[in-house]
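**Q** To be precise about what I am sending: the file is called structure_28.txt and holds compact mmCIF, C-alpha atoms (C1' of nucleotides).
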# COMPACT_ATOMS: atom_id res chain seq x y z
CA MET G 1 -6.07 -7.89 6.47
CA LEU G 2 -7.53 -5.15 8.66
CA LYS G 3 -10.72 -5.27 6.64
CA GLN G 4 -11.01 -9.01 7.23
CA LEU G 5 -10.94 -8.62 11.01
CA GLN G 6 -13.62 -5.96 10.91
CA ARG G 7 -15.66 -8.21 8.71
CA LEU G 8 -15.44 -11.24 11.04
CA ASP G 9 -18.07 -9.52 13.18
CA GLU G 10 -20.38 -9.19 10.23
CA ILE G 11 -19.70 -12.68 8.92
CA PHE G 12 -20.44 -14.40 12.22
CA GLN G 13 -23.43 -12.12 12.76
CA ALA G 14 -24.73 -13.04 9.32
CA LEU G 15 -24.31 -16.77 9.98
CA ALA G 16 -26.02 -16.53 13.38
CA ASP G 17 -29.46 -16.46 11.78
CA PRO G 18 -30.92 -19.78 10.60
CA SER G 19 -32.71 -18.18 7.65
CA ARG G 20 -29.49 -16.61 6.45
CA ARG G 21 -27.60 -19.86 6.96
CA GLY G 22 -30.34 -21.52 4.93
CA MET G 23 -29.77 -19.05 2.13
CA VAL G 24 -26.02 -19.68 2.22
CA GLU G 25 -26.66 -23.42 2.09
CA ARG G 26 -28.92 -22.97 -0.88
CA LEU G 27 -26.41 -20.76 -2.66
CA CYS G 28 -23.65 -23.31 -2.14
CA LEU G 29 -25.55 -25.48 -4.62
CA GLY G 30 -25.44 -22.67 -7.17
CA PRO G 31 -26.57 -19.10 -7.86
CA ALA G 32 -30.20 -18.11 -7.44
CA SER G 33 -32.50 -15.16 -7.94
CA VAL G 34 -34.00 -13.34 -4.97
CA SER G 35 -37.42 -14.92 -5.43
CA GLU G 36 -35.93 -18.41 -5.84
CA LEU G 37 -34.06 -17.83 -2.61
CA ALA G 38 -37.20 -16.60 -0.91
CA LYS G 39 -39.37 -19.57 -1.90
CA PRO G 40 -38.52 -21.93 1.02
CA PHE G 41 -39.12 -19.23 3.62
CA ALA G 42 -42.40 -18.25 5.25
CA MET G 43 -41.54 -14.56 5.35
CA SER G 44 -42.22 -11.53 3.21
CA LEU G 45 -39.95 -10.70 0.30
CA PRO G 46 -38.63 -7.51 1.93
CA ALA G 47 -37.55 -9.60 4.91
CA VAL G 48 -35.61 -11.91 2.58
CA VAL G 49 -34.01 -8.94 0.87
CA GLN G 50 -32.98 -7.55 4.25
CA HIS G 51 -31.30 -10.85 5.10
CA LEU G 52 -29.64 -10.76 1.73
CA GLN G 53 -28.29 -7.29 2.46
CA VAL G 54 -26.74 -8.58 5.67
CA LEU G 55 -25.16 -11.46 3.77
CA GLU G 56 -23.85 -9.12 1.10
CA ALA G 57 -22.49 -6.60 3.60
CA SER G 58 -20.60 -9.41 5.32
CA GLY G 59 -19.06 -10.47 2.02
CA LEU G 60 -20.54 -13.98 2.15
CA VAL G 61 -22.70 -13.33 -0.90
CA ARG G 62 -22.31 -11.25 -4.02
CA THR G 63 -25.27 -10.14 -6.12
CA GLU G 64 -25.69 -8.69 -9.53
CA LYS G 65 -28.78 -7.31 -11.19
CA VAL G 66 -29.59 -7.97 -14.83
CA GLY G 67 -32.88 -6.65 -16.09
CA ARG G 68 -35.26 -7.01 -13.20
CA VAL G 69 -33.62 -10.12 -11.79
CA ARG G 70 -30.98 -9.98 -9.08
CA THR G 71 -28.77 -13.05 -9.09
CA CYS G 72 -27.04 -14.08 -5.88
CA ARG G 73 -23.99 -16.26 -5.47
CA ILE G 74 -21.57 -17.34 -2.74
CA ASP G 75 -18.33 -15.43 -2.36
CA ASP G 76 -15.90 -18.03 -1.16
CA ALA G 77 -13.42 -15.60 0.41
CA ALA G 78 -15.63 -14.87 3.43
CA LEU G 79 -16.17 -18.56 4.15
CA GLN G 80 -12.40 -19.00 3.95
CA THR G 81 -11.95 -16.21 6.46
CA VAL G 82 -14.18 -17.99 8.98
CA GLU G 83 -12.53 -21.31 8.31
CA ARG G 84 -9.11 -19.82 8.89
CA TRP G 85 -10.11 -18.12 12.16
CA VAL G 86 -11.68 -21.24 13.62
CA ASN G 87 -8.83 -23.40 12.42
CA ASP G 88 -6.23 -21.14 13.99
CA ARG G 89 -8.04 -21.17 17.35
CA ARG G 90 -8.42 -24.94 17.32
CA LYS G 91 -4.75 -25.37 16.52
CA LEU G 92 -3.74 -23.16 19.44
CA TRP G 93 -6.02 -25.02 21.82
CA GLU G 94 -4.91 -28.45 20.63
CA ARG G 95 -1.26 -27.53 20.87
CA ARG G 96 -1.93 -26.53 24.46
CA LEU G 97 -3.59 -29.84 25.19
CA ASP G 98 -0.62 -31.62 23.64
CA ARG G 99 1.83 -29.73 25.83
CA LEU G 100 -0.36 -30.52 28.81
CA GLY G 101 -0.33 -34.17 27.79
CA ASP G 102 3.46 -34.14 27.55
CA PHE G 103 3.71 -32.50 30.93
CA LEU G 104 1.47 -35.09 32.55
CA ALA G 105 3.38 -37.90 30.85
CA GLU G 106 6.65 -36.53 32.21
CA GLU G 107 5.14 -36.23 35.64
CA ASN G 108 4.11 -39.86 35.46
CA GLU G 109 7.61 -40.86 34.36
CA ASP G 110 9.04 -39.07 37.38
CA LYS G 111 6.71 -40.94 39.66
CA SER G 112 7.33 -44.39 38.22
CA MET A 1 -27.21 -34.10 16.36
CA LEU A 2 -30.40 -32.09 16.58
CA LYS A 3 -28.95 -30.18 19.47
CA GLN A 4 -25.92 -29.22 17.41
CA LEU A 5 -28.02 -27.53 14.75
CA GLN A 6 -29.91 -25.54 17.32
CA ARG A 7 -26.65 -24.56 18.87
CA LEU A 8 -25.12 -23.29 15.60
CA ASP A 9 -27.28 -20.19 16.06
CA GLU A 10 -25.87 -19.59 19.49
CA ILE A 11 -22.30 -20.40 18.51
CA PHE A 12 -22.24 -17.99 15.58
CA GLN A 13 -24.08 -15.40 17.65
CA ALA A 14 -21.50 -15.78 20.40
CA LEU A 15 -18.62 -15.38 17.96
CA ALA A 16 -20.18 -12.31 16.32
CA ASP A 17 -19.04 -10.07 19.18
CA PRO A 18 -15.38 -8.96 19.16
CA SER A 19 -15.16 -8.98 22.95
CA ARG A 20 -16.41 -12.55 23.08
CA ARG A 21 -14.05 -13.57 20.29
CA GLY A 22 -11.28 -11.94 22.30
CA MET A 23 -12.21 -14.05 25.29
CA VAL A 24 -12.22 -17.20 23.17
CA GLU A 25 -8.81 -16.26 21.79
CA ARG A 26 -7.50 -15.74 25.28
CA LEU A 27 -8.93 -19.05 26.48
CA CYS A 28 -7.32 -20.91 23.59
CA LEU A 29 -4.01 -20.17 25.31
CA GLY A 30 -5.28 -21.82 28.48
CA PRO A 31 -7.92 -21.58 31.21
CA ALA A 32 -8.48 -18.32 33.09
CA SER A 33 -10.52 -16.92 35.93
CA VAL A 34 -13.30 -14.42 35.28
CA SER A 35 -11.24 -11.47 36.48
CA GLU A 36 -8.20 -12.53 34.47
CA LEU A 37 -10.46 -12.75 31.46
CA ALA A 38 -11.92 -9.32 32.22
CA LYS A 39 -8.57 -7.54 32.58
CA PRO A 40 -7.99 -6.61 28.88
CA PHE A 41 -11.49 -5.17 28.50
CA ALA A 42 -12.65 -1.67 29.28
CA MET A 43 -16.04 -2.79 30.54
CA SER A 44 -17.59 -3.59 33.88
CA LEU A 45 -17.25 -7.04 35.40
CA PRO A 46 -20.98 -7.80 35.08
CA ALA A 47 -20.70 -7.09 31.35
CA VAL A 48 -17.85 -9.59 31.08
CA VAL A 49 -19.86 -12.16 33.00
CA GLN A 50 -22.80 -11.63 30.66
CA HIS A 51 -20.54 -12.28 27.66
CA LEU A 52 -19.27 -15.35 29.44
CA GLN A 53 -22.83 -16.59 29.89
CA VAL A 54 -23.41 -16.26 26.17
CA LEU A 55 -20.23 -18.20 25.49
CA GLU A 56 -21.18 -20.89 27.97
CA ALA A 57 -24.75 -21.20 26.66
CA SER A 58 -23.35 -21.69 23.17
CA GLY A 59 -21.08 -24.48 24.39
CA LEU A 60 -17.90 -22.70 23.34
CA VAL A 61 -16.75 -22.35 26.93
CA ARG A 62 -17.14 -24.42 30.06
CA THR A 63 -16.73 -22.97 33.53
CA GLU A 64 -16.34 -24.39 36.98
CA LYS A 65 -16.36 -22.64 40.31
CA VAL A 66 -13.97 -23.58 43.09
CA GLY A 67 -14.08 -21.48 46.23
CA ARG A 68 -14.84 -17.98 45.00
CA VAL A 69 -12.97 -18.37 41.72
CA ARG A 70 -14.71 -19.42 38.50
CA THR A 71 -12.34 -20.99 36.02
CA CYS A 72 -13.18 -20.82 32.32
CA ARG A 73 -11.86 -23.03 29.56
CA ILE A 74 -12.53 -23.73 25.88
CA ASP A 75 -14.80 -26.61 24.98
CA ASP A 76 -13.43 -27.85 21.71
CA ALA A 77 -16.62 -29.56 20.53
CA ALA A 78 -18.37 -26.30 19.67
CA LEU A 79 -15.41 -25.05 17.64
CA GLN A 80 -15.44 -28.37 15.81
CA THR A 81 -19.13 -27.92 15.04
CA VAL A 82 -18.44 -24.57 13.36
CA GLU A 83 -15.45 -25.93 11.52
CA ARG A 84 -17.50 -28.82 10.18
CA TRP A 85 -20.37 -26.60 9.02
CA VAL A 86 -18.10 -24.17 7.19
CA ASN A 87 -16.05 -26.99 5.73
CA ASP A 88 -19.11 -28.77 4.40
CA ARG A 89 -20.38 -25.59 2.74
CA ARG A 90 -17.04 -24.85 1.17
CA LYS A 91 -16.80 -28.38 -0.17
CA LEU A 92 -20.22 -28.13 -1.78
CA TRP A 93 -19.41 -24.80 -3.35
CA GLU A 94 -16.01 -25.94 -4.61
CA ARG A 95 -17.43 -29.12 -6.07
CA ARG A 96 -19.89 -26.96 -7.96
CA LEU A 97 -17.11 -24.79 -9.30
CA ASP A 98 -15.23 -27.92 -10.37
CA ARG A 99 -18.23 -29.26 -12.24
CA LEU A 100 -18.63 -25.86 -13.87
CA GLY A 101 -14.97 -25.94 -14.84
CA ASP A 102 -15.37 -29.39 -16.38
CA PHE A 103 -18.41 -28.21 -18.27
CA LEU A 104 -16.61 -25.20 -19.69
CA ALA A 105 -13.61 -27.36 -20.58
CA GLU A 106 -15.86 -29.76 -22.48
CA GLU A 107 -17.52 -26.89 -24.26
CA ASN A 108 -14.11 -25.67 -25.35
CA GLU A 109 -13.17 -29.13 -26.60
CA ASP A 110 -16.32 -29.23 -28.69
CA LYS A 111 -15.45 -25.91 -30.24
CA SER A 112 -11.84 -26.74 -31.08
C1' DC Y 1 -14.05 -11.07 63.66
C1' DA Y 2 -13.35 -7.21 60.02
C1' DG Y 3 -11.89 -6.24 55.54
C1' DT Y 4 -10.86 -7.39 50.94
C1' DT Y 5 -11.45 -10.13 46.92
C1' DG Y 6 -14.11 -12.43 43.33
C1' DC Y 7 -17.92 -12.97 41.60
C1' DT Y 8 -23.45 -12.53 41.37
C1' DT Y 9 -28.07 -10.46 41.00
C1' DA Y 10 -31.18 -7.06 39.68
C1' DA Y 11 -32.89 -3.30 37.28
C1' DG Y 12 -32.74 0.04 33.80
C1' DC Y 13 -31.62 2.01 29.24
C1' DA Y 14 -30.25 2.98 24.42
C1' DT Y 15 -29.52 0.57 20.29
C1' DT Y 16 -29.97 -2.98 17.02
C1' DC Y 17 -32.60 -6.79 14.92
C1' DA Y 18 -36.03 -9.33 12.48
C1' DC Y 19 -39.73 -8.80 10.94
C1' DT Y 20 -44.28 -6.44 9.02
C1' DT Y 21 -47.41 -3.74 5.68
C1' DA Y 22 -48.03 -0.37 2.17
C1' DA Y 23 -46.60 1.82 -1.59
C1' DG Y 24 -43.38 2.44 -4.99
C1' DT Y 25 -40.28 1.54 -9.67
C1' DA Y 26 -38.33 -0.65 -13.27
C1' DT Y 27 -38.54 -4.49 -16.75
C1' DC Y 28 -40.61 -7.82 -19.84
C1' DA Y 29 -44.58 -9.99 -22.38
C1' DA Y 30 -48.64 -9.77 -25.10
C1' DT M 1 -49.91 0.30 -23.82
C1' DT M 2 -51.50 -2.67 -20.36
C1' DG M 3 -50.63 -5.90 -17.10
C1' DA M 4 -47.83 -8.95 -14.58
C1' DT M 5 -43.37 -9.88 -12.62
C1' DA M 6 -39.32 -8.92 -9.77
C1' DC M 7 -37.75 -6.53 -6.85
C1' DT M 8 -37.22 -1.81 -3.89
C1' DT M 9 -38.14 1.77 -0.45
C1' DA M 10 -40.04 3.46 3.67
C1' DA M 11 -41.88 3.41 8.01
C1' DG M 12 -43.21 1.16 12.06
C1' DT M 13 -43.07 -2.41 15.95
C1' DG M 14 -41.89 -5.65 19.50
C1' DA M 15 -38.12 -8.35 21.21
C1' DA M 16 -33.31 -9.11 21.93
C1' DT M 17 -28.54 -7.19 22.81
C1' DG M 18 -24.84 -4.88 25.14
C1' DC M 19 -24.00 -2.31 28.20
C1' DT M 20 -24.47 0.42 32.91
C1' DT M 21 -24.84 1.19 38.17
C1' DA M 22 -26.02 -0.37 42.72
C1' DA M 23 -26.28 -3.67 45.90
C1' DG M 24 -25.44 -8.27 47.43
C1' DC M 25 -22.92 -12.63 49.08
C1' DA M 26 -19.65 -16.05 49.98
C1' DA M 27 -14.77 -17.21 50.80
C1' DC M 28 -10.26 -16.23 51.85
C1' DT M 29 -6.79 -13.02 54.65
C1' DG M 30 -4.82 -10.92 58.61
I need this file expressed as structure tokens, please.

**A**
Amino acid sequence: MLKQLQRLDEIFQALADPSRRGMVERLCLGPASVSELAKPFAMSLPAVVQHLQVLEASGLVRTEKVGRVRTCRIDDAALQTVERWVNDRRKLWERRLDRLGDFLAEENEDKS
Amino acid sequence: MLKQLQRLDEIFQALADPSRRGMVERLCLGPASVSELAKPFAMSLPAVVQHLQVLEASGLVRTEKVGRVRTCRIDDAALQTVERWVNDRRKLWERRLDRLGDFLAEENEDKS
DNA sequence: CAGTTGCTTAAGCATTCACTTAAGTATCAA
DNA sequence: TTGATACTTAAGTGAATGCTTAAGCAACTG
């Protein structure tokens, strides 16, 4: 629970970069090796690996090395954490709008 | 549509900072002035305003000045944009896991 | 009109970020 | 064992980030 809050920083930070979001999108279709992941991007391999490290540190991606190939896959828990945070905020805000709506409706009733 | 994708960068970037997330959380309870918003934070007012500018540029927050008071409120559309992106990713990933599950189930059937 | 309040502008500064190139180190394949 | 493949490590660089202080300005308050 405490860990999750700390990690929200890193998760949002990780998702703020379009290359990293691209990698997440790719990985949502299934696991991939580092060089597979790198292919669509016009940057050096070390740059890709650095992005990958950010993604892994945030918990969005897990990786595992077998032989000389590192395989990367989505870790759903981090995505759930984001989803939950955003959802909770939206709920709060919408509830407020509802209450405001009720209030205005009552005001109108009073006036009519 | 195109605008939204560009803005995902800024939205996630905005949410990556705990102070800014704090401000969003506060604003989900209702609008607030800049100084109200600043109160919980141990930083200078200009710093708060700079955070606010990031939030506004991302579309998460709208502000409006009346007299000398600037009132800030949540703009739900940006939160929806995040929610949609994360939701779409999760759906893709889960569908993949389902297909994988089916595949493994079939394999087991074959073996039995 | 003078003072206070609520923000705004500007400039500076240390740190972090997103890369780069160059030089490794393990595998695997022939 | 030689070469190619798949990363890995290290060091450097320019730009962006998250602050700060100092000074302003406009609007309400008495």

**Q** Dump as a list of chain:residue names the residues of chain G that approach chain A to within 8 Å, counting all atoms listed in the file.

**A** G:Leu8, G:Asp9, G:Glu10, G:Ile11, G:Phe12, G:Gln13, G:Leu15, G:Ala16, G:Asp17, G:Pro18, G:Glu25, G:Cys28, G:Leu29, G:Gly30, G:Ile74, G:Asp76, G:Leu79, G:Gln80, G:Val82, G:Glu83, G:Val86, G:Asn87, G:Arg89, G:Arg90, G:Leu92, G:Trp93, G:Arg96

**Q** Compile the contact shell of M:DA27 as a VMD selection string: residues with an atom at most 10 Å away, counting all atoms listed in the file, same-chain residues fewer than 2 positions apart removed.

**A** (chain A and resid 67 to 69) or (chain Y and resid 5 to 6) or (chain M and resid 25 29)

**Q** Dump as a Markdown table the rows for residues of chain M within 10 Å of chain G: closest atom pair and distance in Å with one decimal, only C-alpha atoms (C1' of nucleotides) counted, ordered by chain and rising residue number.

**A**
| residue | atom | partner | partner_atom | distance |
| --- | --- | --- | --- | --- |
| M:DT5 | C1' | G:Arg68 | CA | 8.6 |
| M:DA6 | C1' | G:Arg68 | CA | 5.6 |
| M:DC7 | C1' | G:Arg68 | CA | 6.8 |
| M:DT8 | C1' | G:Pro46 | CA | 8.3 |
| M:DT9 | C1' | G:Pro46 | CA | 9.6 |

**Q** Rounded to one decimal in Å, what is the spacing between atom CA of A:Gly59 and atom CA of G:Ala78?

**A**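 Going from atom CA of A:Gly59 over to atom CA of G:Ala78, I get 23.7 Å.
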
**Q** Which of these residues is nearest to chain Y, using only C-alpha atoms (C1' of nucleotides): A:Thr71, A:Thr81, A:Gln4, A:Ser58?

**A**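 Comparing A:Thr71, A:Thr81, A:Gln4, A:Ser58 against chain Y, the winner is A:Thr71.
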
**Q** To one decimal place, how far is atom CA of A:Val48 from atom CA of A:Ser19 in Å?

**A**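 The value is 8.6 Å.
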
**Q** Produce the centre coordinates and the three edge lengths, each in Å to one decimal, of the box along x, y and z that contains all listed atoms of stretch 13-30 of chain Y with 6 Å added on each side, as lines of an AutoDock Vina configuration file.

**A**
center_x = -39.1
center_y = -3.5
center_z = 2.1
size_x = 31.1
size_y = 25.0
size_z = 66.3

**Q** Pick out the closest residue to chain A from this set: Y:DA23, Y:DC28, Y:DC13, Y:DC7. Count only C-alpha atoms (C1' of nucleotides).

**A**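 So, comparing all the options, the nearest one is Y:DC7.
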